[in-house]
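J.: Provided below: upload.txt, containing compact mmCIF, C-alpha atoms.
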```txt
# COMPACT_ATOMS: atom_id res chain seq x y z
CA MET A 1132 0.00 0.00 0.00
CA ILE A 1133 1.07 3.59 -0.59
CA GLU A 1134 2.57 5.41 2.38
CA TRP A 1135 1.32 8.97 1.92
CA GLU A 1136 3.75 11.70 2.95
CA PRO A 1137 2.68 13.87 5.91
CA GLU A 1138 3.14 17.05 3.86
CA LEU A 1139 0.61 15.83 1.28
CA ILE A 1140 -1.87 14.74 3.96
CA GLN A 1141 -1.63 18.15 5.60
CA ALA A 1142 -2.08 20.01 2.30
CA ILE A 1143 -5.26 18.05 1.49
CA ALA A 1144 -6.58 18.37 5.04
CA ARG A 1145 -6.09 22.14 5.01
CA ARG A 1146 -7.67 22.32 1.53
CA ARG A 1147 -4.47 23.68 0.05
CA CYS A 1148 -4.28 20.91 -2.53
CA VAL A 1149 -5.46 20.80 -6.14
CA ILE A 1150 -6.28 17.22 -7.14
CA VAL A 1151 -5.77 16.64 -10.87
CA LEU A 1152 -7.59 13.70 -12.48
CA GLY A 1153 -6.10 12.22 -15.64
CA ALA A 1154 -7.35 9.64 -18.12
CA GLY A 1155 -6.18 6.85 -15.81
CA VAL A 1156 -8.94 7.73 -13.36
CA SER A 1157 -11.63 7.59 -16.05
CA ARG A 1158 -10.32 4.20 -17.17
CA ASN A 1159 -11.76 2.74 -13.95
CA SER A 1160 -15.25 3.39 -15.32
CA VAL A 1161 -17.33 1.18 -17.59
CA ASN A 1162 -20.64 1.61 -19.40
CA GLN A 1163 -23.51 -0.85 -19.80
CA ALA A 1164 -21.63 -2.64 -22.57
CA GLY A 1165 -18.58 -3.08 -20.33
CA LYS A 1166 -16.48 -0.62 -22.34
CA ARG A 1167 -13.96 1.69 -20.69
CA PRO A 1168 -13.27 5.25 -21.94
CA ASP A 1169 -10.59 5.45 -24.61
CA THR A 1170 -7.23 6.94 -23.73
CA TRP A 1171 -6.01 9.76 -25.94
CA GLU A 1172 -3.92 7.27 -27.95
CA GLN A 1173 -6.76 4.77 -28.32
CA PHE A 1174 -9.15 7.47 -29.50
CA LEU A 1175 -6.70 8.72 -32.14
CA ARG A 1176 -5.98 5.21 -33.40
CA MET A 1177 -9.71 4.57 -33.71
CA CYS A 1178 -10.07 7.72 -35.80
CA VAL A 1179 -7.15 6.77 -38.03
CA THR A 1180 -8.87 3.54 -39.08
CA GLU A 1181 -11.37 5.67 -40.99
CA LEU A 1182 -8.72 7.59 -42.94
CA ASP A 1183 -6.87 6.74 -46.14
CA GLU A 1184 -3.07 7.03 -46.41
CA ALA A 1185 -2.54 7.57 -42.70
CA ASP A 1186 0.76 5.77 -42.10
CA HIS A 1187 2.47 9.06 -41.24
CA ILE A 1188 -0.22 9.76 -38.63
CA ASN A 1189 0.28 6.32 -37.10
CA GLY A 1190 3.96 7.19 -36.95
CA LEU A 1191 3.22 10.37 -35.01
CA ILE A 1192 1.03 8.45 -32.58
CA ALA A 1193 3.76 5.85 -32.10
CA THR A 1194 6.18 8.60 -31.06
CA LYS A 1195 3.50 10.13 -28.78
CA ASP A 1196 3.20 13.31 -30.84
CA TYR A 1197 -0.53 13.25 -30.19
CA LEU A 1198 -1.07 16.97 -30.74
CA THR A 1199 0.18 16.91 -34.33
CA ALA A 1200 -1.53 13.58 -35.03
CA CYS A 1201 -4.82 14.96 -33.79
CA GLU A 1202 -4.39 18.11 -35.89
CA LEU A 1203 -3.99 16.01 -39.04
CA ILE A 1204 -6.87 13.69 -38.14
CA LYS A 1205 -9.23 16.59 -37.53
CA ASP A 1206 -8.20 18.21 -40.80
CA LYS A 1207 -8.65 15.04 -42.85
CA MET A 1208 -11.85 13.93 -41.12
CA THR A 1209 -13.44 17.44 -41.09
CA SER A 1210 -14.27 19.26 -37.89
CA ASP A 1211 -17.93 18.21 -37.73
CA LYS A 1212 -17.20 14.51 -38.02
CA PHE A 1213 -14.35 14.76 -35.54
CA ILE A 1214 -16.54 16.53 -32.97
CA ASN A 1215 -19.17 13.84 -33.39
CA LYS A 1216 -16.52 11.22 -32.64
CA VAL A 1217 -15.49 13.08 -29.48
CA GLN A 1218 -19.07 13.32 -28.23
CA GLN A 1219 -19.82 9.70 -29.06
CA GLU A 1220 -16.83 8.48 -27.08
CA TYR A 1221 -16.77 10.87 -24.14
CA GLN A 1222 -20.37 12.08 -23.73
CA ARG A 1223 -22.90 9.63 -25.15
CA SER A 1224 -21.29 6.35 -24.09
CA GLY A 1225 -22.81 6.42 -20.61
CA TYR A 1226 -19.75 5.66 -18.46
CA ARG A 1227 -20.52 5.17 -14.78
CA HIS A 1228 -18.43 6.40 -11.89
CA ALA A 1229 -16.12 3.96 -10.10
CA LYS A 1230 -15.00 3.58 -6.49
CA ILE A 1231 -11.94 5.76 -7.15
CA HIS A 1232 -14.22 8.70 -8.01
CA GLU A 1233 -15.98 8.28 -4.67
CA HIS A 1234 -12.67 8.29 -2.79
CA ILE A 1235 -11.47 11.41 -4.56
CA TYR A 1236 -14.73 13.20 -3.78
CA LYS A 1237 -14.49 12.22 -0.09
CA LEU A 1238 -11.08 13.89 0.19
CA ASP A 1239 -13.16 17.08 0.00
CA SER A 1240 -10.60 19.16 -1.86
CA SER A 1241 -11.79 22.67 -2.65
CA ILE A 1242 -10.40 22.39 -6.19
CA VAL A 1243 -10.37 19.36 -8.50
CA ALA A 1244 -8.96 19.85 -11.99
CA SER A 1245 -9.09 17.53 -14.97
CA PRO A 1246 -7.95 17.56 -18.60
CA ASN A 1247 -10.45 14.75 -19.36
CA PHE A 1248 -13.25 15.50 -21.85
CA ASP A 1249 -15.64 13.05 -20.21
CA ASN A 1250 -18.02 14.08 -17.43
CA ILE A 1251 -17.76 11.01 -15.21
CA TYR A 1252 -16.39 12.69 -12.09
CA ASP A 1253 -18.33 15.91 -12.75
CA THR A 1254 -21.66 14.06 -12.89
CA TYR A 1255 -20.91 12.07 -9.74
CA ALA A 1256 -19.81 15.18 -7.83
CA LEU A 1257 -22.85 17.18 -8.95
CA THR A 1258 -25.25 14.40 -7.96
CA THR A 1259 -23.61 13.69 -4.61
CA SER A 1260 -23.29 17.37 -3.68
CA GLY A 1261 -26.86 18.22 -4.60
CA SER A 1262 -25.57 20.27 -7.55
CA SER A 1263 -23.59 22.57 -5.24
CA VAL A 1264 -20.29 21.89 -7.04
CA VAL A 1265 -19.26 24.62 -9.50
CA ILE A 1266 -17.80 23.51 -12.85
CA LYS A 1267 -15.70 25.89 -14.96
CA ASP A 1268 -13.38 25.48 -17.95
CA HIS A 1269 -10.58 27.42 -19.63
CA THR A 1270 -13.08 29.70 -21.38
CA SER A 1271 -14.62 30.93 -18.09
CA ASN A 1272 -13.71 34.48 -17.09
CA ASP A 1273 -15.00 34.35 -13.52
CA ILE A 1274 -12.96 31.51 -12.01
CA ALA A 1275 -11.21 33.84 -9.57
CA ASN A 1276 -14.57 34.50 -7.90
CA TYR A 1277 -14.65 30.88 -6.68
CA LEU A 1278 -11.13 30.73 -5.26
CA HIS A 1279 -11.74 32.84 -2.17
CA GLY A 1280 -12.80 31.58 1.24
CA GLY A 1281 -12.69 27.86 0.50
CA GLU A 1282 -16.46 27.47 0.68
CA THR A 1283 -16.96 26.56 -2.98
CA ARG A 1284 -16.09 23.12 -4.33
CA LEU A 1285 -14.72 23.87 -7.79
CA ILE A 1286 -14.07 21.54 -10.73
CA LEU A 1287 -11.81 22.95 -13.45
CA LYS A 1288 -12.03 21.34 -16.89
CA THR A 1289 -8.61 22.41 -18.12
CA HIS A 1290 -9.09 21.13 -21.69
CA GLY A 1291 -12.83 21.69 -21.92
CA SER A 1292 -15.65 19.17 -22.04
CA ALA A 1293 -17.45 17.00 -24.57
CA ASN A 1294 -20.54 18.97 -23.53
CA ASN A 1295 -19.03 21.93 -25.38
CA PRO A 1296 -16.94 20.26 -28.11
CA GLN A 1297 -16.27 23.45 -30.07
CA GLU A 1298 -14.04 24.68 -27.22
CA ILE A 1299 -12.06 21.54 -26.33
CA ILE A 1300 -8.28 21.66 -26.46
CA PHE A 1301 -7.18 18.63 -28.43
CA THR A 1302 -4.83 19.66 -31.25
CA ARG A 1303 -1.57 21.60 -31.50
CA ASN A 1304 -3.48 24.56 -32.91
CA ASP A 1305 -6.00 24.37 -30.05
CA TYR A 1306 -3.17 24.62 -27.51
CA ALA A 1307 -1.59 27.59 -29.27
CA GLN A 1308 -4.89 29.46 -29.52
CA ALA A 1309 -5.92 28.71 -25.93
CA ARG A 1310 -2.68 29.99 -24.41
CA THR A 1311 -3.14 33.27 -26.27
CA LYS A 1312 -6.91 33.65 -25.98
CA TYR A 1313 -7.31 32.49 -22.37
CA VAL A 1314 -4.23 33.95 -20.74
CA LEU A 1315 -6.06 34.62 -17.46
CA PHE A 1316 -6.91 30.93 -17.04
CA TYR A 1317 -3.28 29.86 -17.36
CA GLU A 1318 -2.18 32.61 -15.00
CA ILE A 1319 -4.65 31.26 -12.44
CA LEU A 1320 -3.18 27.75 -12.86
CA LYS A 1321 0.32 29.14 -12.33
CA SER A 1322 -0.83 30.98 -9.20
CA LEU A 1323 -2.39 27.79 -7.85
CA ALA A 1324 0.81 25.87 -8.51
CA LEU A 1325 2.73 28.42 -6.45
CA THR A 1326 0.27 28.50 -3.55
CA HIS A 1327 -1.14 24.95 -3.50
CA THR A 1328 0.17 21.40 -3.57
CA PHE A 1329 -0.92 19.50 -6.70
CA LEU A 1330 -1.72 15.79 -6.53
CA PHE A 1331 -1.87 14.18 -9.97
CA ILE A 1332 -3.84 10.93 -10.18
CA GLY A 1333 -4.05 8.94 -13.42
CA CYS A 1334 -1.89 11.45 -15.30
CA GLY A 1335 1.29 10.86 -17.30
CA THR A 1336 4.69 12.56 -17.23
CA ASP A 1337 4.38 13.37 -20.95
CA ASP A 1338 1.24 15.50 -20.60
CA PRO A 1339 2.16 18.74 -22.44
CA ASP A 1340 0.14 20.97 -20.10
CA ILE A 1341 1.76 19.56 -16.98
CA ARG A 1342 5.30 19.78 -18.31
CA MET A 1343 4.94 23.29 -19.69
CA LEU A 1344 3.24 24.69 -16.59
CA PHE A 1345 5.60 23.28 -13.98
CA GLU A 1346 8.81 23.70 -15.96
CA ASP A 1347 7.92 27.37 -16.56
CA ILE A 1348 7.26 27.92 -12.86
CA GLN A 1349 10.33 26.02 -11.73
CA PHE A 1350 12.72 28.03 -13.90
CA ALA A 1351 10.97 31.36 -13.31
CA HIS A 1352 10.57 31.13 -9.54
CA GLY A 1353 13.29 28.72 -8.48
CA ARG A 1354 12.67 26.85 -5.24
CA MET A 1355 9.02 25.99 -4.59
CA PRO A 1356 7.14 23.22 -2.73
CA PHE A 1357 7.02 19.74 -4.22
CA HIS A 1358 3.94 18.45 -6.00
CA TYR A 1359 2.98 14.75 -6.22
CA MET A 1360 2.05 12.32 -9.00
CA THR A 1361 0.91 8.71 -8.67
CA LEU A 1362 2.35 6.31 -11.26
CA PRO A 1363 2.25 2.54 -11.83
CA ARG A 1364 5.55 1.07 -10.69
CA GLY A 1365 7.93 0.50 -13.61
CA GLU A 1366 5.85 2.43 -16.15
CA VAL A 1367 8.54 5.12 -16.48
CA HIS A 1368 12.27 4.49 -16.14
CA SER A 1369 13.79 5.77 -12.90
CA ASP A 1370 16.25 7.97 -14.84
CA VAL A 1371 13.36 9.71 -16.60
CA LEU A 1372 11.53 10.19 -13.31
CA ARG A 1373 14.65 11.70 -11.75
CA VAL A 1374 14.96 14.27 -14.55
CA ALA A 1375 11.22 15.05 -14.48
CA SER A 1376 11.26 15.44 -10.71
CA LYS A 1377 14.13 17.90 -10.92
CA SER A 1378 12.66 20.00 -13.74
CA MET A 1379 9.07 20.07 -12.45
CA ARG A 1380 9.49 19.72 -8.65
CA VAL A 1381 7.25 16.65 -8.65
CA LYS A 1382 7.60 13.66 -6.31
CA PHE A 1383 6.46 10.41 -7.89
CA ILE A 1384 4.40 7.98 -5.83
CA GLU A 1385 4.66 4.51 -7.35
CA TYR A 1386 2.21 1.66 -6.80
CA SER A 1387 1.38 -1.76 -8.26
CA ALA A 1388 -0.79 -1.81 -11.38
CA ASP A 1389 -2.02 -5.34 -10.59
CA ASN A 1390 -5.76 -6.11 -10.50
CA GLY A 1391 -6.77 -2.98 -12.36
CA HIS A 1392 -4.64 -0.60 -10.25
CA GLU A 1393 -6.40 -1.84 -7.12
CA GLU A 1394 -3.60 -0.67 -4.83
CA LEU A 1395 -4.17 2.95 -5.84
CA THR A 1396 -7.90 2.80 -5.12
CA LEU A 1397 -7.37 1.11 -1.75
CA SER A 1398 -4.60 3.54 -0.86
CA LEU A 1399 -6.87 6.49 -1.60
CA SER A 1400 -9.33 5.03 0.88
CA ASP A 1401 -6.55 5.03 3.48
CA LEU A 1402 -5.70 8.61 2.51
CA ILE A 1403 -9.28 9.69 3.32
CA THR A 1404 -8.86 8.28 6.84
CA GLU A 1405 -5.51 10.00 7.36
CA VAL A 1406 -6.82 13.33 6.07
CA ASN A 1407 -9.95 13.18 8.25
CA ASP A 1408 -7.88 12.22 11.30
CA TYR A 1409 -5.64 15.23 10.72
CA ARG A 1410 -8.65 17.53 10.33
CA GLU A 1411 -10.21 16.23 13.53
CA GLU A 1412 -6.95 16.63 15.45
CA LYS A 1413 -6.48 20.22 14.30
CA SER A 1414 -10.09 21.14 14.99
CA LYS A 1415 -9.65 20.00 18.60
CA ASP A 1416 -6.46 22.05 18.95
CA LEU A 1417 -8.03 25.06 17.16
CA GLN A 1418 -4.96 25.18 14.92
CA TRP A 1419 -6.73 26.02 11.64
```
Please express what this file holds, its structure, as structure tokens.
T.:
Amino acid sequence: MIEWEPELIQAIARRRCVIVLGAGVSRNSVNQAGKRPDTWEQFLRMCVTELDEADHINGLIATKDYLTACELIKDKMTSDKFINKVQQEYQRSGYRHAKIHEHIYKLDSSIVASPNFDNIYDTYALTTSGSSVVIKDHTSNDIANYLHGGETRLILKTHGSANNPQEIIFTRNDYAQARTKYVLFYEILKSLALTHTFLFIGCGTDDPDIRMLFEDIQFAHGRMPFHYMTLPRGEVHSDVLRVASKSMRVKFIEYSADNGHEELTLSLSDLITEVNDYREEKSKDLQW
């Protein structure tokens, strides 16, 4: 089982932690047909099967240049057909929440962020909270209003949602436009990274948003608190993790991927207990 660091437990307990949910979290979900949501790579490969002369796109996917591959797919497929594919996979497939979503919700973080297009966690959180959770994306210009006081439970869709497919960030051009058009949103993310601890769950070290954000902050501001990322043990070579940790100030928390990443889900249950124990202890001591 994962041994959670005291600093991370304290950050979550004090609601000074942004929990970031990647595609690995959504992969715990299934729909009525037993299908799990596609990863970015799986979705692109599915799209490629409908294109002619796409060997060069398969080559881009093989080297993990997903942004360029997606740009070419969208161009060849046409925007309307591509958007329909996105909505079919991430909105209309009817994926149900899993136990890991429940554990993440029970950590009661004031801010949960996700680059996922699907609405699995969003729907669960809205239903469980009686629709009191606020959901915003990179196009929202009032996010700062929900960052004060800690009373609001905020979900940030950092790449947009399949509910609004015209605004999702999926291609290289989308990224370039978003960083110019929605500067305030990225400034807010940078501010959060300097004032909060980030816990990445189900994310990868090659996510372009993560790398760009934390490398920029690290080199611009120098020493800053560590952030945390859970990873299946052995998925990334230790040398790569060492370089990534140094450049992004991220500590990697490794776990066994056996039995559908069961250790991560069970460890998150333990984390809830540790966080609640810390909150109870501090409430008794009036040390908030």
J.: Which polymer residues have any atom within 8 Å of an atom of Tyr1409 (chain A), counting all atoms listed in the file, with same-chain residues fewer than 3 positions away left out, as a count of residues only?
T.: 7
J.: Which polymer residues, whether protein, DNA or RNA, lie within 6 Å of the coordinate (-5.4, 7.5, -12.2) when you count only C-alpha atoms? List them as a PyMOL selection string, using the chain letters and numbers from the file.
T.: chain A and resi 1153+1155-1156+1332-1333
J.: Which residue gives the smallest distance to Lys1312 (chain A) among A:His1358, A:His1269, A:His1279, A:Arg1176, with all atoms listed in the file counted?
T.: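 Looking only at the distances to Lys1312 (chain A), the closest residue turns out to be A:His1269.
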J.: Of the candidates A:Trp1171, A:Thr1289, A:Met1208, A:Val1217, which shows the shortest atom-to-atom distance to Ile1192 (chain A), using only C-alpha atoms?
T.: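 Closest residue, counting only C-alpha atoms: A:Trp1171.
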J.: Just the residues within 12 Å of Asp1196 (chain A), please, counting only C-alpha atoms, with nothing from its chain fewer than 3 positions along; format it as a VMD selection string.
T.: chain A and resid 1171 to 1172 1175 1187 to 1193 1199 to 1203 1301 to 1303 1337 to 1339
J.: How many Å separate CA of Leu1402 (chain A) from CA of Arg1146 (chain A)?
T.: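 Rounded to one decimal, the two atoms are 13.9 Å apart.
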J.: Figure out the distance between CA of His1234 (chain A) and CA of Gly1365 (chain A), please, to one decimal in Å.
T.: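 Computing it gives 24.5 Å between the two atoms.
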J.: Which residue, A:Gly1391, A:Gly1165, A:Pro1246, A:Pro1356, has the smallest gap to Ala1293 (chain A) when you use only C-alpha atoms?
T.: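 Closest residue, counting only C-alpha atoms: A:Pro1246.
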J.: Could you please determine the separation between CA of Leu1182 (chain A) and CA of Lys1212 (chain A) in Å, to one decimal place?
T.: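 Pair CA of Leu1182 (chain A) / CA of Lys1212 (chain A) returns 12.0 Å.
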J.: Which residue, A:Phe1329, A:Asn1390, A:Asn1294, A:Ile1274, has the smallest gap to Tyr1313 (chain A) when you use only C-alpha atoms?
T.: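 Selected residue with least distance to Tyr1313 (chain A): A:Ile1274.
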J.: Which residue is closest to Ser1245 (chain A)? Choose from A:Tyr1277, A:Phe1213, A:Phe1331, A:Tyr1221 and count all atoms listed in the file.
T.: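 That would be A:Phe1331, the residue with the smallest distance to Ser1245 (chain A).
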J.: Using only C-alpha atoms, find the one residue out of A:Thr1328, A:Gln1163, A:Ser1322, A:Thr1270 that sits nearest to Val1243 (chain A).
T.: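 Between A:Thr1328, A:Gln1163, A:Ser1322, A:Thr1270, the residue approaching Val1243 (chain A) most closely is A:Thr1328.
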J.: What's the 8 Å shell around region 1239-1242 of chain A, counting only C-alpha atoms, without same-chain residues fewer than 3 positions away, as a list in words?
T.: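 Listing them by chain and then by number gives Ile1143, Arg1146, Arg1147, Cys1148, Val1149, Ile1150, Ile1235, Tyr1236, Gly1281, Glu1282, Thr1283, Arg1284, Leu1285, Ile1286 and Leu1287 of chain A.
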J.: Step by step, gather every atom of region 1278-1286 of chain A that the file lists, find the box along x, y and z that holds them, add 4 Å on each side, and finally give centre and edge lengths in Å to one decimal, as JSON.
T.:
```
{"center_x": -14.0, "center_y": 27.2, "center_z": -4.7, "size_x": 13.8, "size_y": 19.3, "size_z": 20.0}
```
J.: List the spatial neighbours of Thr1361 (chain A) as a list in words - criterion: any atom at most 8 Å away, all atoms listed in the file, same-chain residues fewer than 2 positions off excluded.
T.: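 Answer for this query is Leu1330, Phe1331, Ile1332, Gly1333, Cys1334, Tyr1359, Pro1363, Phe1383, Ile1384, Glu1385 and Tyr1386 of chain A.
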